[in-house]
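Since the structure comes first, as structure tokens, the remarks are kept for the end.
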Amino acid sequence: MQLSTLDKAGFQEIAQALRMAIAGGRYAPNSQLPTIGAVAREYGTTAITVRRALTQLEREGLVRVVHGVGSFVVDCGAQLESVLPSFGAEMRARQHRPTTQVLQRESAVMNTEAAEALGLEPNAATACLTRLRQIDGCPVALQRSYLPTACAPVIDQYQADGSLYQAVTAHTGRCPFSASESLEAVLLAGETVAALGCSVGAAGWRSLRITRDAAGAPLVYDEAYFPADRLRLQLERHAGGARVDFEFRLPGDGSSDG
């Protein structure tokens, strides 16, 4: 692909081309990208435009620029598991046996809350993946993950034993970098009760989480429900702030994960 526009649009196009080249495996994690001059020649643009593109990718957490040395592809997979581990990875670290069941895949869902969280117009449709999360065979969470409709193929191709974050990164070229989450106490009802094997009106937690890339742009919006008798929250206070942790209590085993 040769680019002829050397203004802001040119830098955005080059950034997108490099994103997709990284996501597609042309440039492996931790590998060094071609020099600025080589990239400029490949895309028919200027070194200044390429530098702007690399700066953008560095902000997004995809590239690490070492001045005087070169630009390197960030290992998003390793970064992801250390900063935002998947449900499976986190549960295995807690000595549990996690499983995931896909309950529904929807390519166009109207959900104002999800659309606004993803930075879309309130009346915009979103794609939605509904999953039942289990630990040691016990259902502990009903989770709905919302994405822009442009990411509907991610929902269609998702495998229950895979990572949705990694699939989103491969599709968009944008790596999850941070997340904000809120919890509220609710009474469980409807299909949530049926999926989790609870009684109507049982106490539960509702989790709302927005996952963002390194530039702060939203990637995934998650809504999840947990039975209160299977999830306990623990707040640790210290001089620098506070930390919230959790433990699962599974029915009939008389223990928790500590």
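By convention in this document, the chains of the structure tokens carry letters A, B, ... by their order, each chain's residues are numbered from 1, and ligands are numbered from 1 in the order they are shown.
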
For segment 124-180 of chain A versus segment 97-116 of chain A, which residues have an atom no more than 10 Å away, and what is each residue's nearest atom pair and distance in Å rounded to one decimal, using only C-alpha atoms, chain-then-number order, as a Markdown table?
| residue | atom | partner | partner_atom | distance |
| --- | --- | --- | --- | --- |
| A:Ala124 | CA | A:Ala115 | CA | 6.1 |
| A:Ala125 | CA | A:Met110 | CA | 4.9 |
| A:Thr126 | CA | A:Val109 | CA | 5.1 |
| A:Ala127 | CA | A:Ser107 | CA | 4.3 |
| A:Cys128 | CA | A:Glu106 | CA | 5.1 |
| A:Leu129 | CA | A:Arg105 | CA | 4.9 |
| A:Thr130 | CA | A:Gln104 | CA | 5.1 |
| A:Arg131 | CA | A:Val102 | CA | 4.5 |
| A:Leu132 | CA | A:Gln101 | CA | 5.1 |
| A:Arg133 | CA | A:Thr100 | CA | 4.9 |
| A:Gln134 | CA | A:Thr99 | CA | 5.2 |
| A:Ile135 | CA | A:Pro98 | CA | 4.6 |
| A:Asp136 | CA | A:Arg97 | CA | 4.9 |
| A:Gly137 | CA | A:Thr99 | CA | 7.4 |
| A:Cys138 | CA | A:Pro98 | CA | 9.2 |
| A:Pro139 | CA | A:Thr99 | CA | 9.1 |
| A:Ala141 | CA | A:Thr100 | CA | 9.8 |
| A:Leu142 | CA | A:Leu103 | CA | 9.4 |
| A:Gln143 | CA | A:Leu103 | CA | 9.7 |
| A:Arg144 | CA | A:Gln104 | CA | 9.2 |
| A:Ser145 | CA | A:Ala114 | CA | 9.1 |
| A:Tyr146 | CA | A:Ala114 | CA | 6.5 |
| A:Leu147 | CA | A:Ala114 | CA | 8.3 |
| A:Pro148 | CA | A:Ala115 | CA | 7.9 |
| A:Thr149 | CA | A:Ser107 | CA | 6.4 |
| A:Ala150 | CA | A:Ser107 | CA | 9.1 |
| A:Cys151 | CA | A:Ser107 | CA | 8.7 |
| A:Ala152 | CA | A:Ser107 | CA | 5.3 |
| A:Pro153 | CA | A:Ser107 | CA | 8.3 |
| A:Val154 | CA | A:Ser107 | CA | 9.8 |
| A:Ile155 | CA | A:Arg105 | CA | 6.3 |
| A:Asp156 | CA | A:Arg105 | CA | 6.7 |
| A:Gln157 | CA | A:Arg105 | CA | 9.7 |
| A:Tyr158 | CA | A:Val102 | CA | 9.0 |
| A:Gln159 | CA | A:Val102 | CA | 8.3 |
| A:Ala160 | CA | A:Thr100 | CA | 5.5 |
| A:Asp161 | CA | A:Thr100 | CA | 6.8 |
| A:Gly162 | CA | A:Thr100 | CA | 9.3 |

Requested in this report: Run DSSP on the backbone and grab whatever in segment 30-164 of chain A lands in strand (DSSP E or B); send it over as a ChimeraX atom specification.
Outcome: /A:32,63-66,70-73,98-110,125-135,138-148

Query raised in the report: Near Val186 of chain A, counting only C-alpha atoms, which residues have an atom at most 7 Å away, once you skip same-chain residues fewer than 2 positions from it, shown as a ChimeraX atom specification?
Result: /A:184,188,203-206

Query raised in the report: Counting only C-alpha atoms, what is within 9 Å of Met20 of chain A, bar same-chain residues fewer than 5 positions away, as an MDAnalysis selection string?
Result: chainID A and resid 15 25:26 170:173

Write the selection just made, keeping N, CA, C and O atoms, as a compact mmCIF listing (two decimals), in the first residue's frame?
# COMPACT_ATOMS: atom_id res chain seq x y z
N ALA A 15 -0.40 4.44 10.94
CA ALA A 15 -0.60 3.84 12.25
C ALA A 15 -1.53 2.63 12.15
O ALA A 15 -1.26 1.58 12.73
N GLY A 25 0.55 -10.65 12.75
CA GLY A 25 1.74 -11.47 12.95
C GLY A 25 2.91 -11.14 12.05
O GLY A 25 3.94 -11.82 12.09
N ARG A 26 2.78 -10.10 11.22
CA ARG A 26 3.92 -9.73 10.37
C ARG A 26 5.11 -9.32 11.23
O ARG A 26 6.26 -9.63 10.90
N ALA A 170 -6.28 -9.06 18.35
CA ALA A 170 -5.95 -9.58 17.02
C ALA A 170 -6.84 -8.93 15.96
O ALA A 170 -6.39 -8.70 14.83
N HIS A 171 -8.08 -8.62 16.30
CA HIS A 171 -9.01 -8.06 15.32
C HIS A 171 -8.80 -6.56 15.11
O HIS A 171 -8.89 -6.07 13.98
N THR A 172 -8.52 -5.83 16.19
CA THR A 172 -8.44 -4.37 16.10
C THR A 172 -7.02 -3.84 16.07
O THR A 172 -6.80 -2.69 15.66
N GLY A 173 -6.05 -4.64 16.53
CA GLY A 173 -4.69 -4.13 16.65
C GLY A 173 -4.50 -3.26 17.88
O GLY A 173 -3.45 -2.67 18.07

Query raised in the report: Can you tell me, as a list in words, what residues are no more than 10 Å from Gly197 of chain A when counting only C-alpha atoms, ignoring any on the same chain fewer than 3 positions away?
Result: Cys138, Pro139, Val140, Glu191, Thr192, Val193, Ala194, Val200 and Pro227 of chain A

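Taking only C-alpha atoms into account, Arg209 of chain A lies nearest to A:Leu183 out of the set A:Leu231, A:Phe226, A:Leu183, A:Phe248.
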